[in-house]
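Chemist: Provided herewith is a single structure, encoded as structure tokens, for subsequent inquiry.
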Amino acid sequence: MRPWQTLPTHRSWLDDECRRLLGFGRHAALADGGAAYLDDDGIPDLSRGVQTWITARTVHVYSLGALLGVPGSTEIAAGALAGLTGVLRDAESGGWHHALTEQGAPDVGAGKSCYDHAFVLLASSSATLAGIPGARDLLGEATGVFLERFWDDKAGRCVDEWDTSWSVMDPYRGLNANMHAVEAMLAVADCLGDDAWRDRAARICELVVALAEENDGRLPEHFDADWTPQPELNRDRPDDPFKPYGATIGHGLEWARLLLQTEASLGERASSSLAPTASLLFDRAVEDGWARDGAPGFVYTTDWDGSPVVRDRMHWVAAEAIGAADALHRRTGEARFADLYAAWWDYVATYLMDVDRGSWRHQLDEFNSPADGVWPGKPDLYHAVQATLLPRVPLGPSLARAARDGLVVA
């Protein structure tokens, strides 16, 4: 059987699903700027305030929609971007607040995070390529803040958290924020034509290569200020949405894709270790995470011996599995990756796609029934929309650059 990615009919299906997802978020942009956390029906859940990472992801996704020619996308991207240039921006100290509370006040107690600021980089670069007003100035500010506050050039990786006034740096270091920084750095490089951002991404990837080799493909997520792994962190809160205990299956898959995208972006300058590490991470995640308990789906996390810890299935893990399988198939030509790609889209269509209420169910339990202990509602569209686009663009450029340059295959 021909790989699905090569079939015009499958690519058409992906395009239809992308547009269906974009339709779900049509109410995301808020009147005062920013984007809402969405409930199961795509209605803004105002009790959750306005969060920078959701706002930035919304800017990114609807900038892609604008570049793809989907009507209504520009307005949503611009409305969400107004939150990054307005209410979420810290005009006094610089950077972006983590969120606004339900009452509209900045959540100063949450401080300022690399995770949030990486998504501001991604959003502003995508919006710049889409021609959203104000995006170019936002990108200039975001790159300056990121380099000053989060990029540790000596270590070749990012620090994680500060207090709101940039007075105290938290000693915690995290792989999750660095992962999203790699994606954002590649996007900024494509937007600005600045190879320094690609080189920074490559330096972070060097850390991942070393960690994968040292830990048999199970990546430690948490570190102290000296980058010493903290493998027991959050053992008492194993399903934490941002800092779960143990190895996170979806991050192994996501890193596999990002290593290959970094390799393609760097070209001849890329390390020869990126592709083998991508395969190692992928194979470990699939062995440890896929259908481990008699039902299809990826468990959320495992212990350091590969035993499942949190067995719930998160939609974003399946989305990243699809992207990684496609990337590895194109990089290696091995049929097994195309077979898994097709199998995982079957899983998504059977269990995750909500054809009645829209979008994808964000969390299922170990029996593939809807659950909401970690991700209630359907907060945003980032992972699902990217899963419909990644198989239709080359490995090298960022999604926004590929869309702008007409490289999305119909």
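In the structure tokens, chains take letters A, B, ... by order of appearance, with residues numbered from 1 within each chain and ligands from 1 in the order shown.
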As a ChimeraX atom specification, please: the residues near His315 in chain A (cut-off 7 Å, only C-alpha atoms, same-chain neighbours under 4 positions excluded).

Modeler: /A:319,352,360-363

Chemist: For the interface of range 166-215 of chain A with range 53-56 of chain A (cut-off 12 Å, counting only C-alpha atoms), please tabulate each contacting residue of range 166-215 of chain A alongside its nearest pair of atoms and their separation in Å to one decimal, rows sorted by chain and increasing number, as a Markdown table.

Modeler:
```
| residue | atom | partner | partner_atom | distance |
| --- | --- | --- | --- | --- |
| A:Ala177 | CA | A:Trp53 | CA | 11.5 |
| A:His180 | CA | A:Trp53 | CA | 11.1 |
| A:Ala184 | CA | A:Ala56 | CA | 11.4 |
```

Chemist: If I take CA of Pro397 in chain A and CA of Thr332 in chain A, how far is one from the other in Å, to one decimal?

Modeler: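 We find that CA of Pro397 in chain A and CA of Thr332 in chain A lie 18.5 Å from each other.
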
Chemist: Rounded to one decimal place, report the CA of Arg218 in chain A-CA of Leu364 in chain A distance in Å.

Modeler: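 Here the two named atoms are 23.1 Å from each other.
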
Chemist: Counting only C-alpha atoms, what is within 12 Å of Thr6 in chain A, bar same-chain residues fewer than 6 positions away, as a list in words?

Modeler: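 So, after excluding close chain neighbours, the residues are Ser12, Leu14, Asp326, His329, Arg330, Ala338, Ala342, Pro391, Arg392, Val393, Val409 and Ala410 of chain A.
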
Chemist: Generate a file of the selected residues that holds N, CA and C atoms, formatted as a JSON list (two decimals), in the first residue's frame.

Modeler:
```json
[["chain", "number", "residue", "atom", "x", "y", "z"],
["A", 12, "SER", "N", -6.08, 15.69, 0.96],
["A", 12, "SER", "CA", -7.35, 16.42, 0.96],
["A", 12, "SER", "C", -8.08, 16.25, 2.29],
["A", 14, "LEU", "N", -6.65, 15.69, 5.17],
["A", 14, "LEU", "CA", -5.92, 16.51, 6.14],
["A", 14, "LEU", "C", -6.34, 17.97, 6.04],
["A", 326, "ASP", "N", 5.71, 10.63, 10.46],
["A", 326, "ASP", "CA", 5.84, 11.17, 9.11],
["A", 326, "ASP", "C", 7.27, 11.65, 8.84],
["A", 329, "HIS", "N", 9.62, 8.72, 8.45],
["A", 329, "HIS", "CA", 9.40, 8.01, 7.18],
["A", 329, "HIS", "C", 10.09, 8.75, 6.04],
["A", 330, "ARG", "N", 9.95, 10.06, 6.03],
["A", 330, "ARG", "CA", 10.57, 10.83, 4.95],
["A", 330, "ARG", "C", 12.10, 10.84, 5.07],
["A", 338, "ALA", "N", 5.57, 4.76, 8.03],
["A", 338, "ALA", "CA", 4.33, 5.08, 7.31],
["A", 338, "ALA", "C", 3.17, 4.24, 7.83],
["A", 342, "ALA", "N", -0.32, 5.82, 9.61],
["A", 342, "ALA", "CA", -1.70, 5.50, 9.25],
["A", 342, "ALA", "C", -2.47, 4.95, 10.45],
["A", 391, "PRO", "N", 2.56, 16.77, 7.70],
["A", 391, "PRO", "CA", 2.78, 15.80, 6.61],
["A", 391, "PRO", "C", 2.71, 16.42, 5.21],
["A", 392, "ARG", "N", 2.32, 17.69, 5.13],
["A", 392, "ARG", "CA", 2.12, 18.32, 3.81],
["A", 392, "ARG", "C", 3.16, 19.38, 3.49],
["A", 393, "VAL", "N", 4.20, 19.48, 4.32],
["A", 393, "VAL", "CA", 5.25, 20.47, 4.08],
["A", 393, "VAL", "C", 6.62, 19.79, 4.13],
["A", 409, "VAL", "N", 1.48, 21.11, 0.41],
["A", 409, "VAL", "CA", 1.00, 20.29, -0.70],
["A", 409, "VAL", "C", -0.48, 20.04, -0.52],
["A", 410, "ALA", "N", -1.24, 20.32, -1.57],
["A", 410, "ALA", "CA", -2.70, 20.12, -1.52],
["A", 410, "ALA", "C", -3.04, 18.66, -1.78]]
```

Chemist: Taking only C-alpha atoms into account, which of A:Trp345, A:Tyr37, A:Trp255, A:Trp162 comes nearest Ala285 in chain A?

Modeler: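 Among the listed residues, the smallest separation from Ala285 in chain A belongs to A:Trp255.
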
Chemist: Looking only at helix (DSSP H, G or I) from DSSP on the backbone, list the matching residues of range 160-379 of chain A as a ChimeraX atom specification.

Modeler: /A:175-192,195-214,249-269,274-289,315-332,335-352

Chemist: Residues at most 8 Å from Arg200 in chain A, counting only C-alpha atoms, excluding those fewer than 3 positions away in the same chain, as a ChimeraX atom specification?

Modeler: /A:156-157,182,185,196-197,203-204

Chemist: Got time to write the residues from that selection, all heavy atoms, as a compact mmCIF listing (two decimals), in the first residue's frame?

Modeler:
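Output (result-v9.txt):
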```
# COMPACT_ATOMS: atom_id res chain seq x y z
N GLY A 156 24.37 27.01 26.58
CA GLY A 156 23.81 26.59 25.31
C GLY A 156 22.40 26.05 25.45
O GLY A 156 21.98 25.17 24.68
N ARG A 157 21.64 26.60 26.39
CA ARG A 157 20.27 26.20 26.62
C ARG A 157 19.56 27.31 27.40
O ARG A 157 20.17 28.31 27.75
CB ARG A 157 20.21 24.87 27.37
CG ARG A 157 20.97 24.87 28.68
CD ARG A 157 21.36 23.48 29.14
NE ARG A 157 22.43 22.89 28.35
CZ ARG A 157 23.21 21.90 28.77
NH1 ARG A 157 23.03 21.38 29.98
NH2 ARG A 157 24.16 21.42 28.01
N VAL A 182 13.24 25.41 20.91
CA VAL A 182 13.81 24.95 19.65
C VAL A 182 12.84 25.22 18.50
O VAL A 182 13.23 25.75 17.45
CB VAL A 182 14.17 23.45 19.72
CG1 VAL A 182 14.46 22.88 18.33
CG2 VAL A 182 15.39 23.25 20.62
N MET A 185 12.80 28.95 17.89
CA MET A 185 14.05 29.45 17.31
C MET A 185 14.13 29.14 15.82
O MET A 185 14.57 29.99 15.02
CB MET A 185 15.24 28.85 18.04
CG MET A 185 15.43 29.40 19.45
SD MET A 185 16.68 28.46 20.36
CE MET A 185 16.78 29.43 21.88
N ALA A 196 21.84 32.58 13.46
CA ALA A 196 22.19 32.48 14.87
C ALA A 196 21.10 31.76 15.65
O ALA A 196 21.40 31.04 16.62
CB ALA A 196 22.44 33.87 15.45
N TRP A 197 19.85 31.93 15.23
CA TRP A 197 18.76 31.24 15.93
C TRP A 197 18.79 29.75 15.65
O TRP A 197 18.48 28.94 16.52
CB TRP A 197 17.42 31.86 15.54
CG TRP A 197 17.22 33.22 16.12
CD1 TRP A 197 17.46 34.42 15.53
CD2 TRP A 197 16.78 33.52 17.46
NE1 TRP A 197 17.17 35.45 16.40
CE2 TRP A 197 16.75 34.92 17.59
CE3 TRP A 197 16.40 32.73 18.54
CZ2 TRP A 197 16.37 35.56 18.77
CZ3 TRP A 197 16.00 33.36 19.72
CH2 TRP A 197 16.00 34.76 19.82
N ARG A 203 22.31 23.86 19.57
CA ARG A 203 23.00 23.66 20.84
C ARG A 203 22.07 22.98 21.86
O ARG A 203 22.51 22.11 22.63
CB ARG A 203 23.52 24.98 21.38
CG ARG A 203 24.64 25.59 20.53
CD ARG A 203 25.14 26.88 21.11
NE ARG A 203 25.89 26.64 22.36
CZ ARG A 203 26.30 27.61 23.17
NH1 ARG A 203 26.00 28.88 22.90
NH2 ARG A 203 26.99 27.33 24.26
N ILE A 204 20.82 23.36 21.88
CA ILE A 204 19.86 22.69 22.76
C ILE A 204 19.72 21.22 22.35
O ILE A 204 19.68 20.31 23.19
CB ILE A 204 18.50 23.39 22.74
CG1 ILE A 204 18.61 24.82 23.28
CG2 ILE A 204 17.47 22.59 23.56
CD1 ILE A 204 17.34 25.64 23.14
```

Chemist: Quick one: pull the distance between CA of Tyr341 in chain A and CA of Glu320 in chain A, Å, one decimal.

Modeler: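 Going from CA of Tyr341 in chain A over to CA of Glu320 in chain A covers 10.5 Å.
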
Chemist: Which residues come within 8 Å of Ile132 in chain A, counting only C-alpha atoms, excluding same-chain residues fewer than 2 positions away, as a ChimeraX atom specification?

Modeler: /A:63,74,77-78,127-130,134-135

Chemist: Pull C-alpha atoms from the residues just selected and write them as a compact mmCIF listing (two decimals), in the first residue's frame.

Modeler:
```
# COMPACT_ATOMS: atom_id res chain seq x y z
CA SER A 63 -1.65 33.07 11.30
CA THR A 74 -6.65 37.01 10.04
CA ALA A 77 -4.98 36.11 14.79
CA ALA A 78 -5.08 39.91 15.08
CA ALA A 127 2.14 36.49 12.49
CA THR A 128 4.95 38.52 10.88
CA LEU A 129 5.02 36.17 7.90
CA ALA A 130 1.23 36.39 7.72
CA GLY A 134 1.93 44.85 14.91
CA ALA A 135 3.58 41.46 14.61
```

Chemist: So which residues of range 58-271 of chain A fall under strand (DSSP E) by DSSP, listed as a list in words?

Modeler: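 Assigned to strand (DSSP E), within range 58-271 of chain A: Ala99, Leu100, Lys112, Ser113, Trp151, Asp152, Arg157, Cys158, Glu161, Trp162, Arg173, Gly174, His222, Phe223, Ala247 and Thr248 of chain A.
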
Chemist: Those residues with all heavy atoms, as a short mmCIF file (atom, residue, chain, number, x, y, z; two decimals), in the first residue's frame please?

Modeler:
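Resulting contents of out-v8.cif:
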```cif
data_model
loop_
_atom_site.label_atom_id
_atom_site.label_comp_id
_atom_site.auth_asym_id
_atom_site.auth_seq_id
_atom_site.Cartn_x
_atom_site.Cartn_y
_atom_site.Cartn_z
N ALA A 99 -0.41 35.13 32.81
CA ALA A 99 -1.85 35.14 32.57
C ALA A 99 -2.48 36.37 33.21
O ALA A 99 -1.85 37.06 34.02
CB ALA A 99 -2.50 33.87 33.14
N LEU A 100 -3.72 36.61 32.84
CA LEU A 100 -4.60 37.51 33.59
C LEU A 100 -5.58 36.65 34.36
O LEU A 100 -6.04 35.61 33.86
CB LEU A 100 -5.37 38.43 32.65
CG LEU A 100 -4.57 39.31 31.68
CD1 LEU A 100 -5.54 40.16 30.86
CD2 LEU A 100 -3.58 40.19 32.43
N LYS A 112 7.42 34.79 35.35
CA LYS A 112 7.58 34.81 33.90
C LYS A 112 8.38 33.59 33.47
O LYS A 112 9.43 33.28 34.04
CB LYS A 112 8.27 36.09 33.46
CG LYS A 112 7.35 37.30 33.62
CD LYS A 112 8.04 38.62 33.43
CE LYS A 112 6.99 39.74 33.59
NZ LYS A 112 7.65 41.06 33.76
N SER A 113 7.87 32.89 32.46
CA SER A 113 8.43 31.59 32.12
C SER A 113 8.96 31.55 30.70
O SER A 113 8.44 32.22 29.79
CB SER A 113 7.37 30.50 32.28
OG SER A 113 6.42 30.58 31.23
N TRP A 151 17.92 33.03 27.40
CA TRP A 151 18.99 32.29 26.73
C TRP A 151 20.27 32.37 27.53
O TRP A 151 20.79 33.45 27.79
CB TRP A 151 19.21 32.82 25.33
CG TRP A 151 20.35 32.14 24.63
CD1 TRP A 151 21.54 32.70 24.24
CD2 TRP A 151 20.42 30.75 24.24
NE1 TRP A 151 22.34 31.75 23.63
CE2 TRP A 151 21.69 30.55 23.63
CE3 TRP A 151 19.54 29.67 24.37
CZ2 TRP A 151 22.08 29.31 23.13
CZ3 TRP A 151 19.94 28.44 23.88
CH2 TRP A 151 21.19 28.26 23.27
N ASP A 152 20.79 31.20 27.94
CA ASP A 152 22.06 31.11 28.65
C ASP A 152 23.10 30.67 27.62
O ASP A 152 23.22 29.48 27.31
CB ASP A 152 21.93 30.10 29.79
CG ASP A 152 23.21 29.95 30.60
OD1 ASP A 152 24.27 30.43 30.15
OD2 ASP A 152 23.15 29.35 31.69
N ARG A 157 21.64 26.60 26.39
CA ARG A 157 20.27 26.20 26.62
C ARG A 157 19.56 27.31 27.40
O ARG A 157 20.17 28.31 27.75
CB ARG A 157 20.21 24.87 27.37
CG ARG A 157 20.97 24.87 28.68
CD ARG A 157 21.36 23.48 29.14
NE ARG A 157 22.43 22.89 28.35
CZ ARG A 157 23.21 21.90 28.77
NH1 ARG A 157 23.03 21.38 29.98
NH2 ARG A 157 24.16 21.42 28.01
N CYS A 158 18.28 27.12 27.67
CA CYS A 158 17.47 28.18 28.27
C CYS A 158 17.25 27.94 29.75
O CYS A 158 17.08 26.79 30.19
CB CYS A 158 16.10 28.26 27.59
SG CYS A 158 16.17 28.59 25.82
N GLU A 161 12.51 29.99 34.62
CA GLU A 161 11.52 30.86 35.26
C GLU A 161 12.19 32.00 36.02
O GLU A 161 13.28 31.84 36.58
CB GLU A 161 10.65 30.06 36.24
CG GLU A 161 9.84 28.93 35.59
CD GLU A 161 9.11 28.09 36.62
OE1 GLU A 161 9.22 28.37 37.82
OE2 GLU A 161 8.43 27.13 36.21
N TRP A 162 11.50 33.16 36.02
CA TRP A 162 11.88 34.32 36.82
C TRP A 162 10.66 34.77 37.61
O TRP A 162 9.52 34.42 37.29
CB TRP A 162 12.28 35.49 35.92
CG TRP A 162 13.57 35.36 35.18
CD1 TRP A 162 13.79 34.71 34.00
CD2 TRP A 162 14.82 35.95 35.57
NE1 TRP A 162 15.10 34.84 33.62
CE2 TRP A 162 15.76 35.61 34.56
CE3 TRP A 162 15.23 36.73 36.65
CZ2 TRP A 162 17.09 36.02 34.60
CZ3 TRP A 162 16.56 37.14 36.69
CH2 TRP A 162 17.48 36.78 35.68
N ARG A 173 15.47 24.02 36.09
CA ARG A 173 15.68 24.02 34.66
C ARG A 173 14.83 22.91 34.06
O ARG A 173 14.73 21.82 34.64
CB ARG A 173 17.15 23.79 34.30
CG ARG A 173 18.11 24.80 34.93
CD ARG A 173 18.01 26.18 34.29
NE ARG A 173 18.98 27.09 34.86
CZ ARG A 173 18.73 27.92 35.89
NH1 ARG A 173 17.53 27.91 36.47
NH2 ARG A 173 19.67 28.72 36.34
N GLY A 174 14.22 23.17 32.91
CA GLY A 174 13.30 22.20 32.36
C GLY A 174 13.53 21.92 30.88
O GLY A 174 13.87 22.83 30.10
N HIS A 222 13.44 17.24 34.24
CA HIS A 222 13.62 18.23 35.29
C HIS A 222 15.07 18.24 35.77
O HIS A 222 15.68 17.17 35.96
CB HIS A 222 12.68 17.94 36.46
CG HIS A 222 11.28 17.62 36.02
ND1 HIS A 222 10.51 18.50 35.30
CD2 HIS A 222 10.51 16.51 36.23
CE1 HIS A 222 9.33 17.94 35.05
NE2 HIS A 222 9.30 16.75 35.61
N PHE A 223 15.59 19.45 36.03
CA PHE A 223 16.99 19.62 36.39
C PHE A 223 17.12 20.74 37.42
O PHE A 223 16.23 21.58 37.57
CB PHE A 223 17.82 19.98 35.14
CG PHE A 223 17.69 19.01 34.01
CD1 PHE A 223 16.60 19.06 33.15
CD2 PHE A 223 18.64 18.03 33.82
CE1 PHE A 223 16.47 18.16 32.10
CE2 PHE A 223 18.52 17.12 32.77
CZ PHE A 223 17.43 17.19 31.91
N ALA A 247 9.25 9.87 32.66
CA ALA A 247 9.48 10.13 31.24
C ALA A 247 8.13 10.42 30.57
O ALA A 247 7.17 9.67 30.75
CB ALA A 247 10.14 8.92 30.58
N THR A 248 8.08 11.49 29.79
CA THR A 248 6.85 11.90 29.11
C THR A 248 6.90 11.38 27.67
O THR A 248 7.72 11.82 26.87
CB THR A 248 6.72 13.43 29.12
OG1 THR A 248 6.78 13.90 30.48
CG2 THR A 248 5.39 13.87 28.51
#
```

Chemist: Output as JSON lines one row per residue of range 128-237 of chain A within 12 Å of range 263-273 of chain A: the closest atom pair and its distance in Å to one decimal place, counting only C-alpha atoms, sorted by chain and residue number ascending.

Modeler:
```
{"residue": "A:Val182", "atom": "CA", "partner": "A:Ser265", "partner_atom": "CA", "distance": 11.5}
{"residue": "A:Glu183", "atom": "CA", "partner": "A:Ser265", "partner_atom": "CA", "distance": 11.2}
{"residue": "A:Met185", "atom": "CA", "partner": "A:Ser265", "partner_atom": "CA", "distance": 10.9}
{"residue": "A:Leu186", "atom": "CA", "partner": "A:Ser265", "partner_atom": "CA", "distance": 7.5}
{"residue": "A:Ala187", "atom": "CA", "partner": "A:Ser265", "partner_atom": "CA", "distance": 10.1}
{"residue": "A:Val188", "atom": "CA", "partner": "A:Ser265", "partner_atom": "CA", "distance": 11.9}
{"residue": "A:Ala189", "atom": "CA", "partner": "A:Ser265", "partner_atom": "CA", "distance": 9.3}
{"residue": "A:Asp190", "atom": "CA", "partner": "A:Ser265", "partner_atom": "CA", "distance": 8.9}
{"residue": "A:Gly193", "atom": "CA", "partner": "A:Ser265", "partner_atom": "CA", "distance": 11.5}
{"residue": "A:Asp194", "atom": "CA", "partner": "A:Leu266", "partner_atom": "CA", "distance": 11.7}
{"residue": "A:Asp195", "atom": "CA", "partner": "A:Leu266", "partner_atom": "CA", "distance": 8.5}
{"residue": "A:Ala196", "atom": "CA", "partner": "A:Leu266", "partner_atom": "CA", "distance": 10.8}
{"residue": "A:Trp197", "atom": "CA", "partner": "A:Leu266", "partner_atom": "CA", "distance": 10.5}
{"residue": "A:Arg198", "atom": "CA", "partner": "A:Leu266", "partner_atom": "CA", "distance": 6.9}
{"residue": "A:Asp199", "atom": "CA", "partner": "A:Leu266", "partner_atom": "CA", "distance": 8.1}
{"residue": "A:Arg200", "atom": "CA", "partner": "A:Leu266", "partner_atom": "CA", "distance": 11.1}
{"residue": "A:Ala201", "atom": "CA", "partner": "A:Leu266", "partner_atom": "CA", "distance": 9.7}
{"residue": "A:Ala202", "atom": "CA", "partner": "A:Ala270", "partner_atom": "CA", "distance": 7.8}
{"residue": "A:Arg203", "atom": "CA", "partner": "A:Ser271", "partner_atom": "CA", "distance": 10.2}
{"residue": "A:Cys205", "atom": "CA", "partner": "A:Ser271", "partner_atom": "CA", "distance": 9.5}
{"residue": "A:Glu206", "atom": "CA", "partner": "A:Ser271", "partner_atom": "CA", "distance": 8.6}
{"residue": "A:Leu207", "atom": "CA", "partner": "A:Ser273", "partner_atom": "CA", "distance": 11.4}
{"residue": "A:Val208", "atom": "CA", "partner": "A:Ser273", "partner_atom": "CA", "distance": 10.4}
{"residue": "A:Val209", "atom": "CA", "partner": "A:Ser273", "partner_atom": "CA", "distance": 7.1}
{"residue": "A:Ala210", "atom": "CA", "partner": "A:Ser273", "partner_atom": "CA", "distance": 9.6}
{"residue": "A:Ala212", "atom": "CA", "partner": "A:Ser273", "partner_atom": "CA", "distance": 10.9}
{"residue": "A:Glu213", "atom": "CA", "partner": "A:Ser273", "partner_atom": "CA", "distance": 10.3}
```

Chemist: Could you save the residues just selected, with C-alpha atoms, as a JSON list (two decimals), in the first residue's frame?

Modeler:
```
[["chain", "number", "residue", "atom", "x", "y", "z"],
["A", 182, "VAL", "CA", 13.81, 24.95, 19.65],
["A", 183, "GLU", "CA", 10.59, 25.11, 17.63],
["A", 185, "MET", "CA", 14.05, 29.45, 17.31],
["A", 186, "LEU", "CA", 13.72, 27.62, 14.00],
["A", 187, "ALA", "CA", 10.63, 29.70, 13.22],
["A", 188, "VAL", "CA", 12.40, 32.96, 14.09],
["A", 189, "ALA", "CA", 15.36, 31.96, 11.91],
["A", 190, "ASP", "CA", 13.01, 31.35, 8.98],
["A", 193, "GLY", "CA", 16.87, 34.91, 7.94],
["A", 194, "ASP", "CA", 19.20, 34.81, 10.94],
["A", 195, "ASP", "CA", 21.24, 31.62, 11.28],
["A", 196, "ALA", "CA", 22.19, 32.48, 14.87],
["A", 197, "TRP", "CA", 18.76, 31.24, 15.93],
["A", 198, "ARG", "CA", 19.31, 27.93, 14.17],
["A", 199, "ASP", "CA", 22.65, 27.58, 15.91],
["A", 200, "ARG", "CA", 21.01, 28.15, 19.30],
["A", 201, "ALA", "CA", 18.43, 25.47, 18.50],
["A", 202, "ALA", "CA", 21.24, 23.10, 17.52],
["A", 203, "ARG", "CA", 23.00, 23.66, 20.84],
["A", 205, "CYS", "CA", 19.55, 19.60, 20.57],
["A", 206, "GLU", "CA", 23.09, 18.57, 21.59],
["A", 207, "LEU", "CA", 21.81, 18.27, 25.16],
["A", 208, "VAL", "CA", 18.94, 16.05, 24.03],
["A", 209, "VAL", "CA", 21.26, 13.80, 22.07],
["A", 210, "ALA", "CA", 23.44, 13.30, 25.15],
["A", 212, "ALA", "CA", 18.93, 10.17, 25.09],
["A", 213, "GLU", "CA", 22.16, 8.22, 24.84]]
```
